[in-house]
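J.: This is the structure I want to talk about, given as structure tokens.
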Amino acid sequence: MSTADESNTVGAVDSELSTGCSNHDSDVNEDSSKILNMVKITNHRLCLPHMPAGYVQTVAANIQTAWITQDLLSFQKISHQEGKTASNGAQQLLKTAFQQFVVAGEKRQKARSVNFQAFPVAVLALQLAVAEGPDRLPADKNTQEVLCGKLRVLEADLTKITTLIALIYGLLSGFKEFSAHLVSISSEERTIFITFKTFEEIWKFTTYHKMGFLGQCLESFLLDQKFWLNSLEHDDSGIEVSFKEETLNLMYKGFLMQEGSFFGSCTVNQMFDSSTSGSDLYLEKGDIVLFEPPFLGSGWTVLSLADGSRGTKPKPALEPVIPFHEWFLKSCPETILVGSGKTSCDHLCQTAVGICEAIEAYDGNGPDELSFEAGDRIIILGLLVTCFEWFMGKLERTGDLGLVHTSLVKATDSLCESNEIFLKEEDRKIFNSDQEKIKEETIALLKKTCQSDVATLYKLGKLSHYGPTADNTDHVEVCTELKRKITHVLSEMKDTNRDGISPDRSAVQTDSESTETELPQEIPHFTVCSEQGGTSPDGHHSLLSFLGTRDHQPEYQLLYSAYPEFLLLHFEGHADEEELVDYLGAARETARKKRMSWAQSRICFLLGQLCAGRSKFSQARVYYEEALSVPRDYFTDMLLLSALYSNLALIYLTQKTTEKFFALSERFAALLMAVCNCLSGTEDPEVLKFALKKAILSRNKPAEARLCVLLAKLHLKLGEGMSAVPFIERLQILAEDLPGACNAIESHGYLLLARLYNDHHLPHLAESSAMQACLQTLLWKQLLYQIMITASSGVADCICSVSLMLENAQELYGVDIPTQVAPCLTRAAALSFPSMESSLAHAHALCLSWLFQKHGMPNSAVHYMCGLLEHTSVSSLSQQDTSAALIWLAWLLICGLQDRAALNVLDAVLSTLPEHCTTQLEGVVYNMRAIALRHAGNIKQAAESFRAAAEVCEEFEDRHNWAVALANFGFLCLQVKAKRLAEEHLSQAVELFSELEDEGHELSFVAVLLELGKLYVLQGFCEKGKICYEWALLIAILYDNSESQLQATRSLCQLYGEVCPDEAQCIIYNEHQLNLLHQRGDINLEGEILEKISQLYLSLGTEKANRTALDYTKRSLGIYIDLGKKRKEAHGWLEAGKIYHILKQSELVELYVQVAQDIALSTGDTLFILELLEASGDVFFNSTHDREKAVCFYRDRALPIAVKSSSVRSQLRLCNKLTELLLQLGQYGDAMVYAHTALDISINLADHLNERVAFHRLATLYHCLSQFEMAEHHYLKALSMCPSPLQFDEEALYYVRVYQTLGDIIFYDLKDPYDAAGYYHLALAAAMDLGNKKSQLHLCTRLATIYHNFLMNRELSLHFYQRARAFAADLNIRRINLAPDQSFRTTDQYKITTSQVTS
């Protein structure tokens, strides 16, 4: 399709969607043309020979089609799938084309924003940035670059990108079909492009962005585990996600248009032509109605949710409601109207508490309504919500309770506005959980994981960590202070242990006893008489007595909330439900006759439940209405009234009795605003939706928040956890608009969400929600007036968050304890300070120190353990916990190279152990003490401590610890170079390890095997070393320990690569190492190993191996591109070009070399550019063909840069290479210039070796130019610079060759046999010193020829001839020719070489 065709198509689509946008469309068409032009550029510039034929043309056509049809997902598929095989340059152009596509799409949407008549905007750009500090300011450039690097990795790996998007959008709230769709990632701009398919996807996206989940999911996915430890110092650091709200709103409006109808609010007061009545429909600003887009020019149609009126208008002023309201209103039946939603009395607040005054008299129409006189003061029970017609009130002068019309009261001085959404303290939790039990279990789990073996298992010391540490003044002071603290802790521990029982247990017992006393009394059982007549033996006296109480009793809770459990458990003697109905009917009649109104109402409720359970809704309705209308003063059992309202309203809704449902729902809404636990008799959420719908339409946020709480409770009660999630999420968002009203529930709400997410296998969301719960507890502490109330609850919430994170740790991160728990534990400690429980202080210090030590920060770990010693509650720890904590502290000090402090701690622990009884703990201390002494260089005492530790193991027959002690002693022997003794002890340790059957020793076993193998290799026993290495690898594979596998594999790679070269084995183990690094996600090392494997394949020298090397080089190149490592990327391009040169694919060599140069130039580093240009020339210089191509790299590119940058060594090197290259190419004049330059530089640098090389090359050049005297002079200058006496055979060989060359020049070219004989004699002397028989044969033959034919000395001629014959016999040469070759010229050899090179 041409550009013109494309413009026509776009114009046709535009005219169909809206009018008046032609000017904007012309701009968009220009953008479209730019993109198509870029595709054409791709076609011309990047049609690489290694790509399939027509590749770029196909991509261009696909992109053009995607642009014309605006099929974004098609464009995404093209960009990603095709980009995988394209070169880097092609990918960059495709990416740029995509960015132009995005910009043009936004322009197009803005042009069509009138009345929303447009398709959605193509993509939403999420801008990522690392922010720090309370003001969330952008972090420094280096920190942002780390984020860019992570995004580069994702940009190249589509699998990881898909995982990322599924993580953030695809699994939110369990609606797996509501998934966003990835378009692209721009790592340099730190931007992720996504798109949506439905408005539900946008709803979920906006919800989780506002709740903070979006940034936290990205933090967990993109940032290293160390980030959470470092963030303890910068509490507000994290990833900030920003995007254009305008773009998202346009996308949202476009999706609503596609739905066909949507809910919106009027932005101004406006009139609509009525289509159902004679009068026009008037809507005020803010009114929410259902809008239907125009069809065939009919104009917009609106449906009023208040009275069902309809109206039309060509262009109404409207704004869509928020996505949650859109979703909820669509879930409500359209036939259920809610009235105007306007405030019933303008002088009252939206939500009020206090006392109001009646403005006129009212006589209640039933026992649920309150009767009063004008001027009576009415106490508001719960909340007065002005959008509802009723509220619950209490008449101040009589104490009567009932419903009051909102329009019949006015405000008093004691009435005030309230945002409170909870009625009582026990109502502040959506669900009840034993947080204290979870807290205790979590703390126990943390302590078990972090300190499970510290006091029982020996530690294996590291061989690389040894040597005395500096004992400066600061360290001495630290050791002294630490020793004082430990002494104080141990003394307090002894005093505390004498007291006996811990106070916590008695508190628990008291709580349990008090709980038992609060249990309700036992409910009686009732016997149903099955005889003729159905008369109860006691005249239903027991039943009527039980149900006849005026006020609510705890025993009634089961009656209202658990149908049919109450009937099944407490009624017996009946064969079927009919008999039970007859029995209850008789009881009802008896209660009516005896005027027992409360018993009659409750029996009618039971009968209604029975009938509704059998789908006899009309009968059930009669019973429920009777229960409400039984004569009485007023209702005091509000839970009965609530159950009646909810069940009767559900029947009205089922039977589509709209008016009655509307009236009763208004009354039920008043109860919802006034009564705690009013949902006990409610079984269907539809009866609550009316109230929430009305609260939404009236824009009453406190009422909306309370109803979200109630709906969430109801869904949880019904076991519909994920149905409760949207309402809890909405509540969390409303909490920001209702300061103070939801503070106490925010952390609880996030914990509940985390639990629901976790139960439905959404681990990332569960983790993010748990972290948000911790953040809310920190905000609590900032509200000073709530500290005493919420501190204990906040600590429990933080620990519950930790518990949730631990449940998903293995699945998400493959560890028992992720570093994400560190901020939660820190906040728990901050909330409970200064009266922190000893168990929490212990777990906090242990866990944080364990995490810091695991991630290579022992000093920070020591800081937290020392903080535990300063805590006032540490003395209440048991002796076992205290000893284990001190031993752990000592190990951390050893890891931090604070050996003296570690010895002080260990000596203090040792002093607390019994003197006359050996314990296993004593062996642990001795072993660790020996490690500290070894590190400090105190070998003798270390050996004694190791011996003592081994003796304890022998006494207890502890083979595991015995093996560790022997291994540590072997390391000690290695430190003092006692290799034989070290081998003996390490071998014994290996033997003990191999006999162990239990688990937990694998890491130590692997470490010992590797050290023993290293010792064998150093001693020359390579086979034994190989066995140890392979044994270690097998154990690591068996127990699936990737780190141990890496260590063993690296040792094997070094063995086969350096000690016992074997390319095949080295390749095998390097590929295994590559797989391990890929699994671990260490992309930096992965690139290095790919390079190494490539070089190994190149060393094999076969074509197949070379092509395999090319594949590995390209893989490493891709990694370096993703990481943004320009230098390694440039070398990768160059290495690929070098391999193509070896494969003789010359057309690709220049392309790859050119890209390498471009990348180097982009770095702006002159020295690196010079290095790469020289390396580019080396590709041809070190080859056997196309060597002349190296000249342009050396002479035209690299050498000028070397001169300009004053890089003298580079100039010298380049001049030497140019001299050699031009010499072989026969360009002697040019070579002479560079040879002289090289000589001058060598003289200035006093570099005698290069000076000698320069003289030799000059001599060769003069020889080639037939300037024999100059050649002789420079050869002699080169010889004069040789060291004397000769040190190596190569130097003697050099003498032989140069003197022979000089002899040949004098003899053949200058025709001076006398001087030639002298040079030959010198060459012969050097050959004799070297012992080279072949050279001696050649030289003796030359001398025999000269003395026989030219100098006429028969004696010398015969002597050299006989010597030549002797050498010929030794070398199996049969004939010696003494005739001189007068036509021979020494320069012929260069002519032959030149012709060969040229050819």
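Each chain of the structure tokens is named A, B, ... in the order shown, its residues numbered from 1; ligands are numbered from 1 in display order.
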Taking 2 positions as the minimum chain separation for residues in the same chain, which residues sit within 7 Å of stretch 688-697 of chain A when counting only C-alpha atoms? Answer as a list in words.

T.: Ile288, Leu329, Cys332, Val338, Gly341, Cys387, Ser665, Ala669, Pro685, Glu686, Arg699, Asn700, Ala703, Glu704, Leu707 and Leu711 of chain A

J.: Could the residues in this selection be written to a file with N, CA, C and O atoms, as a PDB file, in the first residue's frame?

T.:
ATOM      1  N   ILE A 288     -25.569  11.366  38.426  1.00  0.00           N
ATOM      2  CA  ILE A 288     -25.062  10.190  37.710  1.00  0.00           C
ATOM      3  C   ILE A 288     -26.224   9.513  37.013  1.00  0.00           C
ATOM      4  O   ILE A 288     -27.240   9.172  37.649  1.00  0.00           O
ATOM      5  N   LEU A 329     -22.090  -0.255  39.389  1.00  0.00           N
ATOM      6  CA  LEU A 329     -23.405   0.114  38.899  1.00  0.00           C
ATOM      7  C   LEU A 329     -23.881  -0.833  37.808  1.00  0.00           C
ATOM      8  O   LEU A 329     -25.084  -1.109  37.687  1.00  0.00           O
ATOM      9  N   CYS A 332     -25.468  -3.915  39.315  1.00  0.00           N
ATOM     10  CA  CYS A 332     -26.777  -3.753  39.962  1.00  0.00           C
ATOM     11  C   CYS A 332     -27.885  -3.855  38.915  1.00  0.00           C
ATOM     12  O   CYS A 332     -27.738  -3.359  37.788  1.00  0.00           O
ATOM     13  N   VAL A 338     -33.322   4.050  43.004  1.00  0.00           N
ATOM     14  CA  VAL A 338     -32.905   4.414  44.359  1.00  0.00           C
ATOM     15  C   VAL A 338     -33.378   5.793  44.752  1.00  0.00           C
ATOM     16  O   VAL A 338     -32.930   6.347  45.752  1.00  0.00           O
ATOM     17  N   GLY A 341     -31.464  10.438  45.420  1.00  0.00           N
ATOM     18  CA  GLY A 341     -30.126  10.465  45.960  1.00  0.00           C
ATOM     19  C   GLY A 341     -29.753  11.802  46.532  1.00  0.00           C
ATOM     20  O   GLY A 341     -28.644  12.002  46.997  1.00  0.00           O
ATOM     21  N   CYS A 387     -28.518  11.085  52.738  1.00  0.00           N
ATOM     22  CA  CYS A 387     -29.020  10.593  51.443  1.00  0.00           C
ATOM     23  C   CYS A 387     -30.029   9.475  51.627  1.00  0.00           C
ATOM     24  O   CYS A 387     -30.722   9.102  50.673  1.00  0.00           O
ATOM     25  N   SER A 665     -35.610  -1.375  51.647  1.00  0.00           N
ATOM     26  CA  SER A 665     -34.167  -1.185  51.560  1.00  0.00           C
ATOM     27  C   SER A 665     -33.748   0.123  52.217  1.00  0.00           C
ATOM     28  O   SER A 665     -32.667   0.222  52.800  1.00  0.00           O
ATOM     29  N   ALA A 669     -31.109   0.239  55.143  1.00  0.00           N
ATOM     30  CA  ALA A 669     -29.919   1.101  55.078  1.00  0.00           C
ATOM     31  C   ALA A 669     -29.734   1.864  56.386  1.00  0.00           C
ATOM     32  O   ALA A 669     -28.606   2.068  56.852  1.00  0.00           O
ATOM     33  N   PRO A 685     -25.840 -10.604  49.018  1.00  0.00           N
ATOM     34  CA  PRO A 685     -25.326  -9.226  48.969  1.00  0.00           C
ATOM     35  C   PRO A 685     -26.207  -8.266  48.193  1.00  0.00           C
ATOM     36  O   PRO A 685     -26.010  -7.053  48.269  1.00  0.00           O
ATOM     37  N   GLU A 686     -27.203  -8.772  47.433  1.00  0.00           N
ATOM     38  CA  GLU A 686     -28.025  -7.885  46.619  1.00  0.00           C
ATOM     39  C   GLU A 686     -28.777  -6.868  47.472  1.00  0.00           C
ATOM     40  O   GLU A 686     -29.041  -5.751  47.040  1.00  0.00           O
ATOM     41  N   ARG A 699     -22.849  10.735  46.161  1.00  0.00           N
ATOM     42  CA  ARG A 699     -21.453  11.120  46.370  1.00  0.00           C
ATOM     43  C   ARG A 699     -21.122  11.261  47.854  1.00  0.00           C
ATOM     44  O   ARG A 699     -20.386  12.148  48.271  1.00  0.00           O
ATOM     45  N   ASN A 700     -21.681  10.361  48.658  1.00  0.00           N
ATOM     46  CA  ASN A 700     -21.454  10.343  50.099  1.00  0.00           C
ATOM     47  C   ASN A 700     -20.353   9.320  50.402  1.00  0.00           C
ATOM     48  O   ASN A 700     -20.614   8.122  50.512  1.00  0.00           O
ATOM     49  N   ALA A 703     -20.537   7.092  53.772  1.00  0.00           N
ATOM     50  CA  ALA A 703     -21.520   6.018  53.635  1.00  0.00           C
ATOM     51  C   ALA A 703     -21.021   4.950  52.673  1.00  0.00           C
ATOM     52  O   ALA A 703     -21.208   3.744  52.913  1.00  0.00           O
ATOM     53  N   GLU A 704     -20.397   5.374  51.599  1.00  0.00           N
ATOM     54  CA  GLU A 704     -19.844   4.402  50.646  1.00  0.00           C
ATOM     55  C   GLU A 704     -18.796   3.525  51.317  1.00  0.00           C
ATOM     56  O   GLU A 704     -18.755   2.309  51.117  1.00  0.00           O
ATOM     57  N   LEU A 707     -20.461   0.972  53.678  1.00  0.00           N
ATOM     58  CA  LEU A 707     -21.146  -0.088  52.937  1.00  0.00           C
ATOM     59  C   LEU A 707     -20.149  -1.022  52.247  1.00  0.00           C
ATOM     60  O   LEU A 707     -20.418  -2.209  52.084  1.00  0.00           O
ATOM     61  N   LEU A 711     -20.264  -4.964  52.816  1.00  0.00           N
ATOM     62  CA  LEU A 711     -20.301  -5.916  51.701  1.00  0.00           C
ATOM     63  C   LEU A 711     -19.116  -6.877  51.754  1.00  0.00           C
ATOM     64  O   LEU A 711     -19.256  -8.068  51.455  1.00  0.00           O
TER      65      LEU A 711
END

J.: Which polymer residues have any atom within 10 Å of an atom of A:Ser1335, counting only C-alpha atoms, with same-chain residues fewer than 5 positions away left out, as a list in words?

T.: Leu1293, Val1296, Arg1297, Gln1300, Ala1323, Leu1324, Ala1326, Ala1327, Met1328, Leu1330, Cys1340, Thr1341 and Phe1367 of chain A

J.: Please provide as a PyMOL selection string all residues within 9 Å of stretch 1142-1152 of chain A, with the sequence filter that same-chain residues fewer than 3 positions apart are discarded (counting only C-alpha atoms).

T.: chain A and resi 48-50+1103+1106-1107+1133-1139+1155-1157+1183+1185

J.: Those selected residues, please, written with N, CA and C atoms and delivered as an mmCIF file, in the first residue's frame.

T.:
data_model
loop_
_atom_site.group_PDB
_atom_site.id
_atom_site.type_symbol
_atom_site.label_atom_id
_atom_site.label_comp_id
_atom_site.auth_asym_id
_atom_site.auth_seq_id
_atom_site.Cartn_x
_atom_site.Cartn_y
_atom_site.Cartn_z
ATOM 1 N N LEU A 48 20.628 -7.344 5.620
ATOM 2 C CA LEU A 48 21.897 -8.032 5.837
ATOM 3 C C LEU A 48 21.892 -9.384 5.144
ATOM 4 N N PRO A 49 23.036 -9.829 4.651
ATOM 5 C CA PRO A 49 23.088 -11.097 3.914
ATOM 6 C C PRO A 49 22.687 -12.297 4.750
ATOM 7 N N HIS A 50 22.901 -12.238 6.087
ATOM 8 C CA HIS A 50 22.567 -13.422 6.879
ATOM 9 C C HIS A 50 21.079 -13.511 7.199
ATOM 10 N N GLU A 1103 35.657 -25.758 10.680
ATOM 11 C CA GLU A 1103 34.620 -24.825 10.240
ATOM 12 C C GLU A 1103 33.385 -24.910 11.121
ATOM 13 N N ASN A 1106 34.098 -23.134 14.262
ATOM 14 C CA ASN A 1106 34.099 -21.686 14.060
ATOM 15 C C ASN A 1106 32.682 -21.122 14.012
ATOM 16 N N ARG A 1107 31.789 -21.852 13.387
ATOM 17 C CA ARG A 1107 30.400 -21.369 13.319
ATOM 18 C C ARG A 1107 29.739 -21.429 14.703
ATOM 19 N N TRP A 1133 31.108 -7.064 18.598
ATOM 20 C CA TRP A 1133 30.913 -6.877 17.152
ATOM 21 C C TRP A 1133 32.193 -7.207 16.398
ATOM 22 N N LEU A 1134 33.327 -6.768 16.928
ATOM 23 C CA LEU A 1134 34.605 -6.997 16.254
ATOM 24 C C LEU A 1134 34.962 -8.478 16.237
ATOM 25 N N GLU A 1135 34.698 -9.163 17.358
ATOM 26 C CA GLU A 1135 34.990 -10.593 17.417
ATOM 27 C C GLU A 1135 34.136 -11.361 16.411
ATOM 28 N N ALA A 1136 32.863 -10.972 16.290
ATOM 29 C CA ALA A 1136 32.008 -11.617 15.286
ATOM 30 C C ALA A 1136 32.545 -11.360 13.885
ATOM 31 N N GLY A 1137 32.989 -10.131 13.616
ATOM 32 C CA GLY A 1137 33.591 -9.848 12.316
ATOM 33 C C GLY A 1137 34.843 -10.670 12.070
ATOM 34 N N LYS A 1138 35.642 -10.862 13.113
ATOM 35 C CA LYS A 1138 36.855 -11.680 12.976
ATOM 36 C C LYS A 1138 36.504 -13.116 12.586
ATOM 37 N N ILE A 1139 35.458 -13.674 13.219
ATOM 38 C CA ILE A 1139 35.071 -15.055 12.899
ATOM 39 C C ILE A 1139 34.515 -15.140 11.487
ATOM 40 N N VAL A 1155 30.305 -1.500 12.521
ATOM 41 C CA VAL A 1155 29.438 -1.301 13.683
ATOM 42 C C VAL A 1155 30.266 -1.206 14.951
ATOM 43 N N ALA A 1156 31.312 -2.051 15.049
ATOM 44 C CA ALA A 1156 32.187 -1.997 16.225
ATOM 45 C C ALA A 1156 32.835 -0.624 16.342
ATOM 46 N N GLN A 1157 33.275 -0.071 15.228
ATOM 47 C CA GLN A 1157 33.881 1.262 15.268
ATOM 48 C C GLN A 1157 32.865 2.327 15.670
ATOM 49 N N SER A 1183 45.737 -12.404 9.622
ATOM 50 C CA SER A 1183 45.110 -13.391 8.759
ATOM 51 C C SER A 1183 46.050 -13.770 7.622
ATOM 52 N N HIS A 1185 44.726 -13.835 4.403
ATOM 53 C CA HIS A 1185 44.186 -13.243 3.190
ATOM 54 C C HIS A 1185 43.623 -11.864 3.529
#

J.: Using only C-alpha atoms, tabulate the residues of stretch 632-706 of chain A lying at most 12 Å from any atom of stretch 610-618 of chain A, each with its closest atom pair and that distance in Å to one decimal, by chain and increasing residue number, as a tab-separated table.

T.:
residue	atom	partner	partner_atom	distance
A:Asn647	CA	A:Ala612	CA	8.9
A:Leu648	CA	A:Phe617	CA	9.3
A:Ala649	CA	A:Phe617	CA	11.4
A:Leu650	CA	A:Phe617	CA	9.7
A:Ile651	CA	A:Phe617	CA	6.4
A:Tyr652	CA	A:Phe617	CA	9.0
A:Leu653	CA	A:Phe617	CA	10.9
A:Thr654	CA	A:Phe617	CA	8.5
A:Gln655	CA	A:Phe617	CA	8.1
A:Lys656	CA	A:Phe617	CA	11.8
A:Thr657	CA	A:Ser618	CA	11.6
A:Glu683	CA	A:Gly613	CA	11.7

J.: Near A:Trp390, within 10 Å and counting only C-alpha atoms, which residues show up once chain neighbours fewer than 4 positions away are dropped, as a count of residues only?

T.: 19

J.: What's the 12 Å shell around A:Asn142, counting only C-alpha atoms, without same-chain residues fewer than 5 positions away, as a ChimeraX atom specification?

T.: /A:129-130,147-149

J.: So that I can see what lies close to A:Val1191, please list as a PyMOL selection string the residues with an atom at most 10 Å from it, counting only C-alpha atoms and leaving out residues fewer than 6 positions away in the same chain.

T.: chain A and resi 1177-1178+1180-1181+1197-1198+1214+1217-1218+1221-1222

J.: Output C-alpha atoms of each residue in that selection to a file, as a PDB file, in the first residue's frame.

T.:
ATOM      1  CA  GLY A1177      43.280  -3.818  11.731  1.00  0.00           C
ATOM      2  CA  ASP A1178      44.608  -6.856  13.586  1.00  0.00           C
ATOM      3  CA  PHE A1180      43.242  -8.612   8.752  1.00  0.00           C
ATOM      4  CA  PHE A1181      46.875  -8.302   9.824  1.00  0.00           C
ATOM      5  CA  ARG A1197      42.439   5.826  11.269  1.00  0.00           C
ATOM      6  CA  ALA A1198      44.415   4.635  14.276  1.00  0.00           C
ATOM      7  CA  LEU A1214      51.312   0.902  14.772  1.00  0.00           C
ATOM      8  CA  LYS A1217      52.838  -3.181  12.183  1.00  0.00           C
ATOM      9  CA  LEU A1218      52.668  -0.868   9.187  1.00  0.00           C
ATOM     10  CA  LEU A1221      52.642  -5.113   6.497  1.00  0.00           C
ATOM     11  CA  LEU A1222      53.897  -2.738   3.778  1.00  0.00           C
TER      12      LEU A1222
END

J.: Find the residue from A:Tyr556, A:Tyr1069, A:Phe1288, A:Phe727 that sits nearest to A:Leu710; use only C-alpha atoms when measuring.

T.: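 Among the listed residues, the smallest separation from A:Leu710 belongs to A:Phe727.
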
J.: Considering only C-alpha atoms, state which residue in the set A:Ile745, A:Leu734, A:Leu446, A:Ala663 is at the smallest distance from A:Met805.

T.: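 Residue with the minimum atom-to-atom distance to A:Met805: A:Leu446.
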